[in-house]
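Colleague: Before anything else, here's the structure in question.
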Amino acid sequence: MTMRAVVRGVGHYLPERVVPNAEFEAKVDTSDEWIRSRTGIERRHFAAEGQTTSDLAIRAAQAALTDAGMTVDQIDAIIVATSTPDFTFPSVATMVQAGLGSTSGFAFDVQAVCAGFVFALANANGMILSGQANRVLVIGAETFSRIMDWNDRTTCVLFGDGAGALILEAQEGNGTSADRGILSSDLNSDGRHRDLLYVDGGVSTTGTAGVLKMQGNSVFKHAVVKLAETAHKALDKAGLTSQDVDWIVPHQANLRIITATAERMQVSMDHVVVTVQDHGNTSAASIPLALSVGKARGQIKQGDLVVTEAIGGGLAWGSVVLRW
Ligand code: ACO
């Protein structure tokens, strides 16, 4: 028997305010047509004034608990992937713990920017396999609207706010790729590329939160190569190939990156969950949001082989293969 981290529940939350591309036309030199054709984005959600990352995370967590038919006292650990925490500390995860009314178990944040949810999933899997936790609530939650330079048309049109959550539970499998649960992961980073994508503030530098800076075109080129590569590596570790994939659930940054990655993996777009048109790039929240929406749409079903992949600031990138 092999222990597996199996998905028991999934949920998401999007702030009420929907911002269509047209709203940016009045602010910067851009157009709905440019944004749609270069990114696939049509609209995104922005958090209300005073609405924080932990607020979004708590709502997504509650939806996942409801989906799993669980109460929070059944959760041993909470991991939140975020780059836009409410405070420098404490972690968003401990605020989620308190917000859900739990005083047991442990909670912490993971910061790997847009790859954060993949890194958090791999961490949760490690904890379940080592026996440190039986049920882990893994959340991706972001308020990127708080770190935008509203005068920079090359970045401010790309991002949105939101949160998604997944509950993983230790269950015994047979040790084959037919098992439900996380089957493999592949994580990478290369800090030499810091200047391609970063936020120009921080505690030990400017003492301010800063705003996002991105050399989009360079990140794009890294993304197209590295995402297919990491997905193949993770599939290989699980003894599987692209042909076995039911759903690619990619980080939702740009429809052209999503399409190019699927092409490189030789997976048809009919097997890719796409939400970028409605959410924009929600960084660490984008994959759990897409998993939740994909399940709600009836795309992802129990037993399906799902490959998630993401790249972001660092650069940091990776992939997790799981059977839903
Ligand atoms: N409206 C109109 N024109 C624009 C806009 C805009 N909003 N933004 C850029 N342009 C212009 C540029 O100024 C440039 O004009 P020029 O040719 O006169 O200089 C032209 O459009 C082309 O710019 P590129 O940057 O080459 O455009 P590209 O096709 O690469 O698209 C984009 C830009 C959408 C940012 C793309 O490169 C991308 O998606 N990159 C990857 C983003 C990503 O995946 N990031 C990682 C995750 S994010 C994270 O970790 C936080």
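Chain labels A, B, ... are given in the sequence in which chains occur in the structure tokens; within each chain residues are numbered consecutively from 1, and ligands are likewise numbered from 1 in the order shown.
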So that I can see what lies close to stretch 272-275 of chain A, please list as a VMD selection string the residues with an atom at most 6 Å from it, counting only C-alpha atoms and leaving out residues fewer than 3 positions away in the same chain.
Modeller: chain A and resid 247 to 249 269 278
Colleague: Can you write just those residues out, N, CA, C and O atoms, as an mmCIF file, in the first residue's frame?
Modeller:
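See part-v2.cif below for the written result:
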data_model
loop_
_atom_site.group_PDB
_atom_site.id
_atom_site.type_symbol
_atom_site.label_atom_id
_atom_site.label_comp_id
_atom_site.auth_asym_id
_atom_site.auth_seq_id
_atom_site.Cartn_x
_atom_site.Cartn_y
_atom_site.Cartn_z
ATOM 1 N N TRP A 247 -6.819 16.484 -18.438
ATOM 2 C CA TRP A 247 -6.917 17.942 -18.340
ATOM 3 C C TRP A 247 -5.584 18.560 -17.990
ATOM 4 O O TRP A 247 -4.963 18.168 -17.005
ATOM 5 N N ILE A 248 -5.158 19.518 -18.795
ATOM 6 C CA ILE A 248 -4.103 20.421 -18.343
ATOM 7 C C ILE A 248 -4.834 21.574 -17.646
ATOM 8 O O ILE A 248 -5.771 22.152 -18.210
ATOM 9 N N VAL A 249 -4.428 21.853 -16.422
ATOM 10 C CA VAL A 249 -4.975 23.025 -15.711
ATOM 11 C C VAL A 249 -3.797 23.961 -15.471
ATOM 12 O O VAL A 249 -3.099 23.884 -14.474
ATOM 13 N N MET A 269 -6.583 21.521 -27.246
ATOM 14 C CA MET A 269 -7.147 22.555 -26.369
ATOM 15 C C MET A 269 -8.487 22.108 -25.758
ATOM 16 O O MET A 269 -8.952 22.697 -24.791
ATOM 17 N N ASP A 278 -11.896 35.308 -17.982
ATOM 18 C CA ASP A 278 -12.775 35.840 -16.929
ATOM 19 C C ASP A 278 -12.024 36.329 -15.695
ATOM 20 O O ASP A 278 -12.563 37.117 -14.914
#
Colleague: What residues have any atom no more than 6 Å from ligand 1 when counting only C-alpha atoms and all ligand atoms, and can you list them as a ChimeraX atom specification?
Modeller: /A:30-31,34-35,38-39,113-114,153-154,157,216-217,219-220,253-254,283,311-313
Colleague: Rank nothing, just name the residue among A:Thr82, A:Ala98, A:Asp236, A:Met3 nearest to A:Gly173, using only C-alpha atoms.
Modeller: A:Met3
Colleague: A:Asp29, A:Glu309, A:Asp179, A:Asp246: which is nearest A:Asn151, counting only C-alpha atoms?
Modeller: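 Result for the nearest residue to A:Asn151: A:Asp29.
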Colleague: So that I can see what lies close to A:Leu168, please list as a list in words the residues with an atom at most 8 Å from it, counting only C-alpha atoms and leaving out residues fewer than 3 positions away in the same chain.
Modeller: Ala5, Val6, Val7, Arg8, Gly9, Ala124, Arg135, Val136, Leu137 and Val138 of chain A
Colleague: Just the residues within 12 Å of A:Asp186, please, counting only C-alpha atoms, with nothing from its chain fewer than 3 positions along; format it as a CSV table (one decimal) with N, CA and C atoms, in the first residue's frame.
Modeller:
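Written out: selection-v4.csv:
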chain,number,residue,atom,x,y,z
A,115,ALA,N,3.9,30.6,-9.4
A,115,ALA,CA,4.1,29.1,-9.2
A,115,ALA,C,3.7,28.7,-7.8
A,118,VAL,N,1.5,25.5,-7.0
A,118,VAL,CA,2.1,24.2,-7.4
A,118,VAL,C,3.2,23.9,-6.3
A,119,PHE,N,3.9,24.9,-5.8
A,119,PHE,CA,4.9,24.6,-4.7
A,119,PHE,C,4.1,24.2,-3.4
A,121,LEU,N,1.2,22.8,-3.2
A,121,LEU,CA,0.6,21.4,-3.4
A,121,LEU,C,1.7,20.3,-3.1
A,122,ALA,N,2.9,20.6,-3.7
A,122,ALA,CA,4.0,19.6,-3.5
A,122,ALA,C,4.4,19.5,-2.1
A,123,ASN,N,4.4,20.7,-1.3
A,123,ASN,CA,4.6,20.7,0.1
A,123,ASN,C,3.6,19.9,0.9
A,182,ILE,N,-2.2,12.8,-5.6
A,182,ILE,CA,-1.0,13.4,-6.3
A,182,ILE,C,0.0,12.2,-6.6
A,183,LEU,N,0.4,12.2,-7.9
A,183,LEU,CA,1.2,11.1,-8.4
A,183,LEU,C,2.7,11.6,-8.5
A,189,SER,N,13.6,26.5,-9.8
A,189,SER,CA,13.8,27.9,-9.8
A,189,SER,C,15.1,28.3,-10.3
A,226,LYS,N,9.7,26.3,-20.6
A,226,LYS,CA,9.8,25.7,-19.3
A,226,LYS,C,8.5,25.0,-18.8
A,227,LEU,N,7.4,25.5,-19.2
A,227,LEU,CA,6.1,24.9,-18.8
A,227,LEU,C,5.9,23.5,-19.4
A,228,ALA,N,6.2,23.4,-20.7
A,228,ALA,CA,6.0,22.0,-21.3
A,228,ALA,C,7.1,21.1,-20.7
A,229,GLU,N,8.3,21.6,-20.5
A,229,GLU,CA,9.4,20.8,-19.9
A,229,GLU,C,9.1,20.2,-18.6
A,230,THR,N,8.6,21.1,-17.7
A,230,THR,CA,8.3,20.7,-16.3
A,230,THR,C,7.1,19.7,-16.3
A,231,ALA,N,6.1,19.9,-17.2
A,231,ALA,CA,5.0,19.0,-17.2
A,231,ALA,C,5.4,17.6,-17.7
A,232,HIS,N,6.3,17.6,-18.7
A,232,HIS,CA,6.8,16.3,-19.2
A,232,HIS,C,7.6,15.6,-18.1
A,233,LYS,N,8.4,16.4,-17.3
A,233,LYS,CA,9.2,15.8,-16.3
A,233,LYS,C,8.4,15.2,-15.2
A,234,ALA,N,7.3,15.9,-14.8
A,234,ALA,CA,6.4,15.3,-13.8
A,234,ALA,C,5.7,14.1,-14.3
A,235,LEU,N,5.2,14.2,-15.6
A,235,LEU,CA,4.5,13.0,-16.1
A,235,LEU,C,5.4,11.8,-16.2
A,236,ASP,N,6.7,12.1,-16.6
A,236,ASP,CA,7.7,11.0,-16.7
A,236,ASP,C,7.9,10.3,-15.3
A,237,LYS,N,8.0,11.1,-14.3
A,237,LYS,CA,8.2,10.6,-12.9
A,237,LYS,C,7.0,9.7,-12.5
A,238,ALA,N,5.8,10.0,-13.0
A,238,ALA,CA,4.6,9.2,-12.7
A,238,ALA,C,4.5,8.0,-13.6
A,307,VAL,N,-2.9,17.6,-15.0
A,307,VAL,CA,-1.6,18.2,-14.9
A,307,VAL,C,-1.7,19.7,-14.7
A,308,THR,N,-1.1,20.2,-13.6
A,308,THR,CA,-1.1,21.6,-13.4
A,308,THR,C,0.3,22.1,-13.7
A,309,GLU,N,0.5,23.3,-14.2
A,309,GLU,CA,1.8,23.8,-14.4
A,309,GLU,C,1.8,25.3,-14.3
A,310,ALA,N,2.9,25.9,-13.8
A,310,ALA,CA,2.9,27.4,-13.6
A,310,ALA,C,4.3,27.9,-13.6
A,311,ILE,N,4.5,29.2,-14.0
A,311,ILE,CA,5.8,29.9,-13.9
A,311,ILE,C,5.5,31.3,-13.4
A,316,ALA,N,10.4,31.0,-10.8
A,316,ALA,CA,10.1,29.8,-10.2
A,316,ALA,C,9.0,29.1,-11.0
A,317,TRP,N,9.2,27.8,-11.2
A,317,TRP,CA,8.2,27.1,-12.1
A,317,TRP,C,8.1,25.6,-11.6
A,318,GLY,N,7.0,25.0,-12.0
A,318,GLY,CA,6.8,23.6,-11.6
A,318,GLY,C,5.5,23.1,-12.1
A,319,SER,N,5.3,21.8,-11.8
A,319,SER,CA,4.2,21.1,-12.2
A,319,SER,C,3.8,20.0,-11.2
A,320,VAL,N,2.5,19.7,-11.1
A,320,VAL,CA,2.0,18.6,-10.3
A,320,VAL,C,1.1,17.8,-11.1
A,321,VAL,N,1.3,16.4,-11.1
A,321,VAL,CA,0.4,15.5,-11.7
A,321,VAL,C,-0.5,14.8,-10.7
Colleague: Go through stretch 53-155 of chain A and collect every residue that DSSP, computed from the backbone, puts in strand (DSSP E); the answer should be as a ChimeraX atom specification.
Modeller: /A:77-81,106-110,135-143
Colleague: Quick check for you: according to DSSP on this backbone, which residues of stretch 100-160 of chain A are classed as alpha helix (DSSP H)? Reply as a list in words.
Modeller: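 Restricting stretch 100-160 of chain A to alpha helix (DSSP H) produces Leu100, Gly116, Phe117, Val118, Phe119, Ala120, Leu121, Ala122, Asn123, Ala124, Asn125, Gly126, Met127, Ile128, Leu129, Arg153, Thr154, Thr155 and Cys156 of chain A.
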Colleague: Compare A:Ala170, A:Met148, A:Val96, A:Ala178 by their minimum atom-to-atom distance to A:Leu129, counting only C-alpha atoms, and give me the closest one.
Modeller: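 With only C-alpha atoms as the atom set, the closest residue is A:Ala170.
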Colleague: Skipping near chain neighbours, those fewer than 6 positions away, what residues fall within 9 Å of A:Gly201 using only C-alpha atoms, listed as a list in words?
Modeller: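 These residues fall inside the cut-off: Gly207, Thr208, Ala209, Gly210, Val211 and Leu212 of chain A.
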Colleague: Which residues, written as a ChimeraX atom specification, have at least one atom at most 7 Å from A:Val110, with only C-alpha atoms counted and residues fewer than 5 positions away on the same chain left out?
Modeller: /A:79-82,116,120
Colleague: Can you tell me which residues surround A:Thr66 at a distance of at most 12 Å, considering only C-alpha atoms, apart from same-chain residues fewer than 6 positions away, and format the answer as number ranges by chain?
Modeller: A: 8-12, 59-60, 72, 165-167
Colleague: For the selection just defined, write its residues with all heavy atoms to a file, as a compact mmCIF listing (two decimals), in the first residue's frame.
Modeller:
# COMPACT_ATOMS: atom_id res chain seq x y z
N ARG A 8 -10.21 15.96 -1.79
CA ARG A 8 -11.53 15.71 -1.19
C ARG A 8 -12.51 16.84 -1.48
O ARG A 8 -13.73 16.64 -1.46
CB ARG A 8 -11.38 15.54 0.33
CG ARG A 8 -10.99 14.15 0.77
CD ARG A 8 -12.13 13.13 0.56
NE ARG A 8 -13.39 13.58 1.09
CZ ARG A 8 -13.79 13.40 2.35
NH1 ARG A 8 -13.01 12.77 3.19
NH2 ARG A 8 -14.97 13.86 2.76
N GLY A 9 -11.97 18.05 -1.70
CA GLY A 9 -12.88 19.16 -1.95
C GLY A 9 -12.17 20.31 -2.64
O GLY A 9 -10.94 20.41 -2.57
N VAL A 10 -12.94 21.14 -3.32
CA VAL A 10 -12.37 22.28 -4.03
C VAL A 10 -13.37 23.42 -3.99
O VAL A 10 -14.59 23.19 -3.95
CB VAL A 10 -11.99 21.88 -5.48
CG1 VAL A 10 -13.21 21.56 -6.32
CG2 VAL A 10 -11.15 22.95 -6.17
N GLY A 11 -12.88 24.65 -3.96
CA GLY A 11 -13.79 25.80 -3.95
C GLY A 11 -13.06 27.07 -4.32
O GLY A 11 -11.82 27.08 -4.37
N HIS A 12 -13.81 28.11 -4.62
CA HIS A 12 -13.14 29.37 -4.97
C HIS A 12 -14.01 30.55 -4.57
O HIS A 12 -15.19 30.40 -4.26
CB HIS A 12 -12.82 29.42 -6.46
CG HIS A 12 -14.02 29.59 -7.35
ND1 HIS A 12 -14.72 28.51 -7.86
CD2 HIS A 12 -14.66 30.69 -7.81
CE1 HIS A 12 -15.72 28.96 -8.61
NE2 HIS A 12 -15.70 30.27 -8.59
N ARG A 59 -13.11 32.78 2.24
CA ARG A 59 -14.31 32.44 1.45
C ARG A 59 -14.06 31.22 0.57
O ARG A 59 -14.92 30.34 0.45
CB ARG A 59 -14.73 33.63 0.58
CG ARG A 59 -15.08 34.90 1.36
CD ARG A 59 -16.43 34.79 2.06
NE ARG A 59 -17.54 34.85 1.10
CZ ARG A 59 -18.18 35.97 0.76
NH1 ARG A 59 -17.81 37.13 1.30
NH2 ARG A 59 -19.18 35.95 -0.09
N ALA A 60 -12.88 31.15 -0.04
CA ALA A 60 -12.56 29.99 -0.88
C ALA A 60 -12.46 28.72 -0.02
O ALA A 60 -12.93 27.65 -0.41
CB ALA A 60 -11.25 30.23 -1.63
N VAL A 72 -13.84 22.48 9.80
CA VAL A 72 -12.45 22.90 9.89
C VAL A 72 -11.65 22.11 10.93
O VAL A 72 -10.44 21.94 10.80
CB VAL A 72 -12.35 24.43 10.11
CG1 VAL A 72 -12.79 24.82 11.51
CG2 VAL A 72 -10.95 24.93 9.81
N ALA A 165 -9.23 27.07 -3.35
CA ALA A 165 -8.77 26.19 -2.26
C ALA A 165 -9.04 24.73 -2.59
O ALA A 165 -10.03 24.40 -3.27
CB ALA A 165 -9.50 26.57 -0.98
N LEU A 166 -8.15 23.89 -2.09
CA LEU A 166 -8.24 22.44 -2.33
C LEU A 166 -8.03 21.75 -1.00
O LEU A 166 -7.18 22.20 -0.21
CB LEU A 166 -7.09 22.07 -3.27
CG LEU A 166 -7.21 20.88 -4.20
CD1 LEU A 166 -8.29 21.15 -5.23
CD2 LEU A 166 -5.88 20.65 -4.93
N ILE A 167 -8.76 20.69 -0.74
CA ILE A 167 -8.50 19.90 0.47
C ILE A 167 -7.95 18.55 0.06
O ILE A 167 -8.55 17.83 -0.75
CB ILE A 167 -9.79 19.73 1.30
CG1 ILE A 167 -10.25 21.11 1.80
CG2 ILE A 167 -9.55 18.78 2.48
CD1 ILE A 167 -11.61 21.13 2.42
Colleague: Between A:Arg43, A:Ala141, A:Ala133, A:Lys27, which residue has the minimum interatomic distance to A:Gln171, considering only C-alpha atoms?
Modeller: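 The shortest atom-to-atom distance to A:Gln171 comes from A:Ala133.
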Colleague: Taking into account only C-alpha atoms, which residue in the set A:Leu305, A:Glu172, A:Gln299, A:Ala285 is nearest to A:Asp244?
Modeller: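 So, comparing all the options, the nearest one is A:Leu305.
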Colleague: So how many Å separate atom CA of A:Val203 and atom CA of A:Thr88, to one decimal?
Modeller: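 So the two atoms, atom CA of A:Val203 and atom CA of A:Thr88, lie 7.7 Å apart.
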Colleague: What does the distance between atom CA of A:Ala63 and atom CA of A:Glu169 come to in Å, to one decimal place?
Modeller: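 These two atoms are separated by 16.4 Å.
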Colleague: Can you tell me how far atom CA of A:Ser218 sits from atom CA of A:Ile258, in Å to one decimal?
Modeller: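 Those two atoms sit 15.8 Å apart.
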Colleague: Looking at only C-alpha atoms, which of A:Ala223, A:Ala48, A:Ala107, A:Leu158 is the one that sits closest to A:Ala260?
Modeller: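 Looking at the shortest contact to A:Ala260, the residue is A:Ala223.
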